[in-house]
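Engineer: My structure file data-v9.tsv, TSV, C-alpha atoms and all ligand atoms, is below:
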```tsv
chain	number	residue	atom	x	y	z
A	4	MET	CA	0.00	0.00	0.00
A	5	SER	CA	1.29	3.52	-0.77
A	6	TYR	CA	2.26	5.87	2.04
A	7	ASP	CA	-0.42	8.43	3.00
A	8	ASP	CA	1.22	11.87	3.28
A	9	ASN	CA	-1.80	13.17	5.15
A	10	ASN	CA	-1.60	10.82	8.12
A	11	ILE	CA	-1.38	12.58	11.47
A	12	PHE	CA	2.28	11.74	12.14
A	13	ALA	CA	3.30	13.02	8.69
A	14	LYS	CA	1.57	16.28	9.66
A	15	ILE	CA	3.46	16.35	12.97
A	16	LEU	CA	6.74	15.77	11.10
A	17	ARG	CA	5.97	18.68	8.76
A	18	GLY	CA	5.01	20.89	11.71
A	19	ASP	CA	1.47	21.24	10.36
A	20	ILE	CA	0.07	20.18	13.74
A	21	PRO	CA	1.68	20.54	17.18
A	22	SER	CA	3.24	17.85	19.33
A	23	PHE	CA	4.99	17.64	22.68
A	24	LYS	CA	8.43	16.87	21.28
A	25	VAL	CA	10.97	15.17	23.53
A	26	TYR	CA	13.75	14.43	21.04
A	27	GLU	CA	14.63	15.02	17.39
A	28	ASP	CA	17.60	14.24	15.17
A	29	ASP	CA	18.15	13.94	11.41
A	30	TYR	CA	16.37	10.57	11.22
A	31	THR	CA	13.83	10.42	14.02
A	32	LEU	CA	11.34	12.28	16.18
A	33	ALA	CA	10.06	11.38	19.65
A	34	PHE	CA	6.94	12.99	21.11
A	35	MET	CA	4.30	12.37	23.73
A	36	ASP	CA	1.22	10.25	23.00
A	37	ILE	CA	-1.79	12.46	23.77
A	38	MET	CA	-3.93	9.47	24.73
A	39	PRO	CA	-1.40	7.93	27.09
A	40	GLN	CA	-1.79	4.38	28.36
A	41	ALA	CA	0.40	5.41	31.31
A	42	ASP	CA	2.19	8.60	32.39
A	43	GLY	CA	5.14	9.28	30.10
A	44	HIS	CA	3.77	7.28	27.11
A	45	THR	CA	6.09	8.39	24.30
A	46	LEU	CA	6.13	7.63	20.56
A	47	VAL	CA	9.27	7.30	18.44
A	48	ILE	CA	8.93	7.64	14.68
A	49	PRO	CA	11.36	7.58	11.76
A	50	LYS	CA	11.34	10.58	9.42
A	51	PHE	CA	11.46	8.01	6.63
A	52	LYS	CA	8.04	7.48	5.04
A	53	ALA	CA	7.19	3.95	6.14
A	54	GLU	CA	3.76	2.63	7.04
A	55	THR	CA	4.86	-0.53	8.86
A	56	LEU	CA	8.03	-2.26	9.98
A	57	LEU	CA	8.15	-4.00	6.62
A	58	ASP	CA	8.44	-0.71	4.73
A	59	ILE	CA	11.65	0.71	6.22
A	60	PRO	CA	15.23	-0.04	5.08
A	61	ALA	CA	17.51	-1.59	7.69
A	62	ASP	CA	19.80	1.43	8.06
A	63	GLU	CA	16.85	3.73	8.78
A	64	LEU	CA	15.51	1.17	11.24
A	65	ILE	CA	18.81	1.16	13.11
A	66	HIS	CA	18.58	4.93	13.59
A	67	THR	CA	15.02	4.54	14.81
A	68	MET	CA	15.89	1.79	17.30
A	69	THR	CA	18.82	3.85	18.57
A	70	THR	CA	16.35	6.62	19.41
A	71	VAL	CA	14.00	4.07	21.00
A	72	GLN	CA	16.87	3.00	23.26
A	73	LYS	CA	17.78	6.62	24.17
A	74	VAL	CA	14.19	7.52	25.00
A	75	MET	CA	13.70	4.35	27.05
A	76	SER	CA	16.75	5.22	29.09
A	77	ALA	CA	15.43	8.78	29.64
A	78	LEU	CA	12.04	7.45	30.71
A	79	LYS	CA	13.64	5.15	33.28
A	80	SER	CA	15.88	7.83	34.71
A	81	THR	CA	13.34	10.66	34.80
A	82	LEU	CA	10.21	8.77	35.85
A	83	GLY	CA	11.90	6.28	38.12
A	84	VAL	CA	10.00	3.30	36.68
A	85	GLU	CA	11.33	-0.25	36.78
A	86	GLY	CA	9.81	-1.31	33.47
A	87	VAL	CA	9.01	0.12	30.03
A	88	VAL	CA	6.70	-1.62	27.55
A	89	LEU	CA	7.82	-1.38	23.90
A	90	MET	CA	4.84	-1.87	21.59
A	91	GLN	CA	4.58	-1.65	17.83
A	92	LEU	CA	1.53	-2.49	15.72
A	93	ASN	CA	1.63	-3.32	11.99
A	94	GLY	CA	-1.50	-2.88	9.91
A	95	GLU	CA	-5.10	-2.11	10.77
A	96	ALA	CA	-5.78	-5.78	11.44
A	97	ALA	CA	-3.18	-5.64	14.21
A	98	GLY	CA	-4.73	-2.49	15.68
A	99	GLN	CA	-2.53	0.14	14.00
A	100	THR	CA	-4.52	3.37	13.75
A	101	VAL	CA	-1.91	5.78	12.36
A	102	PRO	CA	-0.29	4.56	9.11
A	103	HIS	CA	3.23	5.85	9.82
A	104	LEU	CA	5.61	3.42	11.53
A	105	HIS	CA	5.87	4.16	15.26
A	106	PHE	CA	7.14	2.60	18.44
A	107	HIS	CA	5.22	3.03	21.69
A	108	LEU	CA	7.31	3.39	24.83
A	109	ILE	CA	5.05	2.97	27.82
A	110	PRO	CA	6.54	3.23	31.31
A	111	GLU	CA	4.81	0.70	33.59
A	112	HIS	CA	3.78	-2.86	33.70
A	113	LEU	CA	1.50	-4.17	30.94
A	114	ARG	CA	-1.21	-5.18	33.41
A	115	LYS	CA	-1.60	-1.59	34.66
A	116	LEU	CA	-2.02	0.09	31.27
A	117	LYS	CA	-5.08	2.06	30.19
A	118	GLY	CA	-6.78	1.24	26.87
A	119	HIS	CA	-4.92	1.83	23.61
A	120	GLY	CA	-5.69	5.25	22.00
A	121	ALA	CA	-8.80	5.38	24.15
A	122	GLU	CA	-8.98	8.59	26.13
A	123	GLN	CA	-7.26	11.99	25.83
A	124	GLY	CA	-4.90	12.68	28.70
A	125	ASP	CA	-4.34	15.84	30.74
A	126	MET	CA	-2.44	18.05	28.26
A	127	GLU	CA	-0.70	20.15	30.95
A	128	LYS	CA	0.55	16.99	32.67
A	129	ILE	CA	1.73	15.57	29.31
A	130	LYS	CA	3.55	18.84	28.51
A	131	ALA	CA	5.32	18.82	31.88
A	132	LEU	CA	6.37	15.18	31.39
A	133	ALA	CA	7.67	16.01	27.89
A	134	GLN	CA	9.91	18.72	29.35
A	135	LYS	CA	11.18	16.38	32.06
A	136	ILE	CA	12.00	13.53	29.62
A	137	SER	CA	13.47	15.93	27.07
A	138	SER	CA	15.86	17.33	29.65
A	139	ALA	CA	17.43	13.86	29.98
A	140	LEU	CA	18.05	13.56	26.23
A	201	LIG	P1	-1.37	2.91	16.84
A	201	LIG	O1	-2.79	2.61	17.20
A	201	LIG	O2	-0.38	1.88	17.23
A	201	LIG	O3	-1.30	3.32	15.39
A	201	LIG	O4	-0.99	4.17	17.72
A	201	LIG	C1	-1.30	5.48	17.40
A	201	LIG	C2	-1.12	6.27	18.66
A	201	LIG	O5	-1.08	7.62	18.32
A	201	LIG	C3	-2.22	6.09	19.71
A	201	LIG	O6	-1.64	5.63	20.92
A	201	LIG	C4	-2.81	7.49	19.85
A	201	LIG	O7	-3.14	7.78	21.19
A	201	LIG	C5	-1.69	8.36	19.35
A	201	LIG	N1	-2.06	9.64	18.76
A	201	LIG	C6	-3.05	9.88	17.87
A	201	LIG	N2	-3.04	11.17	17.50
A	201	LIG	C7	-2.00	11.76	18.15
A	201	LIG	C8	-1.45	13.08	18.18
A	201	LIG	N3	-1.99	14.08	17.47
A	201	LIG	N4	-0.38	13.32	18.97
A	201	LIG	C9	0.16	12.32	19.70
A	201	LIG	N5	-0.30	11.06	19.72
A	201	LIG	C10	-1.36	10.77	18.96
```
With the file now loaded, output its structure as structure tokens.

Structural biologist:
Amino acid sequence: MSYDDNNIFAKILRGDIPSFKVYEDDYTLAFMDIMPQADGHTLVIPKFKAETLLDIPADELIHTMTTVQKVMSALKSTLGVEGVVLMQLNGEAAGQTVPHLHFHLIPEHLRKLKGHGAEQGDMEKIKALAQKISSAL
């Protein structure tokens, strides 16, 4: 399937809509999920136009996973959590709702998580967490 340039993460990458950015480099962007499944729920995306994990070249994927690792480390150090869930959905059938490859980093244990993309969080709280995590990156 061809990449949809109008998906919401493509718009965030272009700066057409705002996000609570925690990290950016030449290849990747990390920002807060606004319907967090736990405090500090962060998304890492490649700048490369890929819909799923099967659509990204290996070198781009390495850059993306390097950012995933950096953000996970920042989440652990700033939020003081023991565990971070790494989740990644491929295709609508698997529950993917935004067709731009992304990795969910969710601090907390899987059993404690709220529903996926279910309920908007407190935007002031999310903004404050973004600043805290960003300061460790
Ligand atoms: P998925 O269902 O795996 O495609 O995940 C998409 C995620 O994007 C969900 O967890 C949503 O809460 C999140 N989301 C949707 N719109 C936005 C947005 N504008 N800014 C940040 N996160 C978003």

Engineer: Chain A near ligand LIG 201 (chain A) within 10 Å: what's each residue's closest atom pair and its distance in Å to one decimal, counting all atoms listed in the file, ordered by chain then ascending residue number, as a tab-separated table?

Structural biologist:
```
residue	atom	partner	partner_atom	distance
A:Asn10	CA	A:LIG201	N2	9.5
A:Ile11	CA	A:LIG201	N3	6.2
A:Phe12	CA	A:LIG201	N3	7.2
A:Lys14	CA	A:LIG201	N3	8.9
A:Ile15	CA	A:LIG201	N3	7.4
A:Ile20	CA	A:LIG201	N3	7.4
A:Pro21	CA	A:LIG201	N3	7.4
A:Ser22	CA	A:LIG201	N4	5.8
A:Phe23	CA	A:LIG201	C9	7.8
A:Lys24	CA	A:LIG201	C9	9.6
A:Ala33	CA	A:LIG201	C9	9.9
A:Phe34	CA	A:LIG201	C9	7.0
A:Met35	CA	A:LIG201	C9	5.8
A:Asp36	CA	A:LIG201	N5	3.7
A:Ile37	CA	A:LIG201	C9	4.5
A:Met38	CA	A:LIG201	O7	4.0
A:Pro39	CA	A:LIG201	O7	6.2
A:Gln40	CA	A:LIG201	O6	7.5
A:His44	CA	A:LIG201	O6	8.4
A:Thr45	CA	A:LIG201	N5	8.3
A:Leu46	CA	A:LIG201	N5	7.3
A:Glu54	CA	A:LIG201	O3	9.8
A:Thr55	CA	A:LIG201	O3	9.8
A:Met90	CA	A:LIG201	O2	7.8
A:Gln91	CA	A:LIG201	O2	6.1
A:Leu92	CA	A:LIG201	O2	5.0
A:Asn93	CA	A:LIG201	O2	7.7
A:Gly94	CA	A:LIG201	O3	8.3
A:Glu95	CA	A:LIG201	O3	8.1
A:Ala97	CA	A:LIG201	O2	8.6
A:Gly98	CA	A:LIG201	O1	5.7
A:Gln99	CA	A:LIG201	O3	3.7
A:Thr100	CA	A:LIG201	O3	3.6
A:Val101	CA	A:LIG201	O3	4.0
A:Pro102	CA	A:LIG201	O3	6.5
A:His103	CA	A:LIG201	O3	7.6
A:Leu104	CA	A:LIG201	O3	7.9
A:His105	CA	A:LIG201	O2	6.9
A:Phe106	CA	A:LIG201	O2	7.7
A:His107	CA	A:LIG201	O2	7.3
A:Ile109	CA	A:LIG201	O6	10.0
A:Gly118	CA	A:LIG201	O6	9.0
A:His119	CA	A:LIG201	O6	5.7
A:Gly120	CA	A:LIG201	O7	3.7
A:Ala121	CA	A:LIG201	O7	6.8
A:Glu122	CA	A:LIG201	O7	7.7
A:Gln123	CA	A:LIG201	O7	7.5
A:Gly124	CA	A:LIG201	O7	9.1
```

Engineer: Filtering to C-alpha atoms, could you give me those residues as a PDB file, in the frame of the given file?

Structural biologist:
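Once everything was written out, this is out.pdb:
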```
ATOM      1  CA  ASN A  10      -1.600  10.820   8.120  1.00  0.00           C
ATOM      2  CA  ILE A  11      -1.380  12.580  11.470  1.00  0.00           C
ATOM      3  CA  PHE A  12       2.280  11.740  12.140  1.00  0.00           C
ATOM      4  CA  LYS A  14       1.570  16.280   9.660  1.00  0.00           C
ATOM      5  CA  ILE A  15       3.460  16.350  12.970  1.00  0.00           C
ATOM      6  CA  ILE A  20       0.070  20.180  13.740  1.00  0.00           C
ATOM      7  CA  PRO A  21       1.680  20.540  17.180  1.00  0.00           C
ATOM      8  CA  SER A  22       3.240  17.850  19.330  1.00  0.00           C
ATOM      9  CA  PHE A  23       4.990  17.640  22.680  1.00  0.00           C
ATOM     10  CA  LYS A  24       8.430  16.870  21.280  1.00  0.00           C
ATOM     11  CA  ALA A  33      10.060  11.380  19.650  1.00  0.00           C
ATOM     12  CA  PHE A  34       6.940  12.990  21.110  1.00  0.00           C
ATOM     13  CA  MET A  35       4.300  12.370  23.730  1.00  0.00           C
ATOM     14  CA  ASP A  36       1.220  10.250  23.000  1.00  0.00           C
ATOM     15  CA  ILE A  37      -1.790  12.460  23.770  1.00  0.00           C
ATOM     16  CA  MET A  38      -3.930   9.470  24.730  1.00  0.00           C
ATOM     17  CA  PRO A  39      -1.400   7.930  27.090  1.00  0.00           C
ATOM     18  CA  GLN A  40      -1.790   4.380  28.360  1.00  0.00           C
ATOM     19  CA  HIS A  44       3.770   7.280  27.110  1.00  0.00           C
ATOM     20  CA  THR A  45       6.090   8.390  24.300  1.00  0.00           C
ATOM     21  CA  LEU A  46       6.130   7.630  20.560  1.00  0.00           C
ATOM     22  CA  GLU A  54       3.760   2.630   7.040  1.00  0.00           C
ATOM     23  CA  THR A  55       4.860  -0.530   8.860  1.00  0.00           C
ATOM     24  CA  MET A  90       4.840  -1.870  21.590  1.00  0.00           C
ATOM     25  CA  GLN A  91       4.580  -1.650  17.830  1.00  0.00           C
ATOM     26  CA  LEU A  92       1.530  -2.490  15.720  1.00  0.00           C
ATOM     27  CA  ASN A  93       1.630  -3.320  11.990  1.00  0.00           C
ATOM     28  CA  GLY A  94      -1.500  -2.880   9.910  1.00  0.00           C
ATOM     29  CA  GLU A  95      -5.100  -2.110  10.770  1.00  0.00           C
ATOM     30  CA  ALA A  97      -3.180  -5.640  14.210  1.00  0.00           C
ATOM     31  CA  GLY A  98      -4.730  -2.490  15.680  1.00  0.00           C
ATOM     32  CA  GLN A  99      -2.530   0.140  14.000  1.00  0.00           C
ATOM     33  CA  THR A 100      -4.520   3.370  13.750  1.00  0.00           C
ATOM     34  CA  VAL A 101      -1.910   5.780  12.360  1.00  0.00           C
ATOM     35  CA  PRO A 102      -0.290   4.560   9.110  1.00  0.00           C
ATOM     36  CA  HIS A 103       3.230   5.850   9.820  1.00  0.00           C
ATOM     37  CA  LEU A 104       5.610   3.420  11.530  1.00  0.00           C
ATOM     38  CA  HIS A 105       5.870   4.160  15.260  1.00  0.00           C
ATOM     39  CA  PHE A 106       7.140   2.600  18.440  1.00  0.00           C
ATOM     40  CA  HIS A 107       5.220   3.030  21.690  1.00  0.00           C
ATOM     41  CA  ILE A 109       5.050   2.970  27.820  1.00  0.00           C
ATOM     42  CA  GLY A 118      -6.780   1.240  26.870  1.00  0.00           C
ATOM     43  CA  HIS A 119      -4.920   1.830  23.610  1.00  0.00           C
ATOM     44  CA  GLY A 120      -5.690   5.250  22.000  1.00  0.00           C
ATOM     45  CA  ALA A 121      -8.800   5.380  24.150  1.00  0.00           C
ATOM     46  CA  GLU A 122      -8.980   8.590  26.130  1.00  0.00           C
ATOM     47  CA  GLN A 123      -7.260  11.990  25.830  1.00  0.00           C
ATOM     48  CA  GLY A 124      -4.900  12.680  28.700  1.00  0.00           C
TER      49      GLY A 124
END
```

Engineer: Point out the residue among A:Ser76, A:Ser5, A:Thr67, A:Ser138 with the least atom-to-atom distance to Val25 of chain A, counting all atoms listed in the file.

Structural biologist: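 Nearest candidate to Val25 of chain A out of A:Ser76, A:Ser5, A:Thr67, A:Ser138: A:Ser138.
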
Engineer: Using all atoms listed in the file for the distances, tell me which of A:Gly83, A:Gly43, A:Pro110, A:Pro60 is nearest to Asp125 of chain A.

Structural biologist: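 Of all the options, A:Gly43 lies closest to Asp125 of chain A.
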
Engineer: Might you pull out every residue within 9 Å of Glu111 of chain A, with only C-alpha atoms counted and same-chain residues fewer than 3 positions away left off, and present them as number ranges by chain?

Structural biologist: A: 41-42, 84-88, 114-116

Engineer: Here is a test: counting only C-alpha atoms, which residue of A:Lys50, A:Lys130, A:Lys79, A:Lys135 is nearest to Leu108 of chain A?

Structural biologist: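 Comparing A:Lys50, A:Lys130, A:Lys79, A:Lys135 against Leu108 of chain A, the winner is A:Lys79.
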
Engineer: Nearest residue to Leu82 of chain A out of A:Ala13, A:Leu132, A:Asp28, A:Ile59, using all atoms listed in the file?

Structural biologist: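 Of A:Ala13, A:Leu132, A:Asp28, A:Ile59, the one nearest Leu82 of chain A, counting all atoms listed in the file, is A:Leu132.
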
Engineer: Work out how far apart atom CA of Leu89 of chain A and atom CA of Leu16 of chain A are and give it in Å to one decimal.

Structural biologist: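 Taking atom CA of Leu89 of chain A and atom CA of Leu16 of chain A, their separation equals 21.4 Å.
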
Engineer: Quote the spacing between atom CA of Ala133 of chain A and atom CA of Tyr6 of chain A in Å to one decimal place.

Structural biologist: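 Taking atom CA of Ala133 of chain A as the start and atom CA of Tyr6 of chain A as the end point, the length is 28.3 Å.
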
Engineer: Using only C-alpha atoms, pick whichever of A:Gly18, A:Asp8, A:Leu140, A:Val74 has the shortest atom-to-atom distance to Phe51 of chain A.

Structural biologist: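 Nearest candidate to Phe51 of chain A out of A:Gly18, A:Asp8, A:Leu140, A:Val74: A:Asp8.
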
Engineer: Please indicate the distance in Å from atom CA of Val71 of chain A to atom CA of Leu57 of chain A, rounded to one decimal place.

Structural biologist: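 About the pair atom CA of Val71 of chain A and atom CA of Leu57 of chain A: they are 17.5 Å apart.
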
Engineer: With distances taken over all atoms listed in the file, which of A:Asn9, A:Arg17, A:His66, A:Ile136 is nearest to Ser80 of chain A?

Structural biologist: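 Of the candidates, the smallest distance to Ser80 of chain A is held by A:Ile136.
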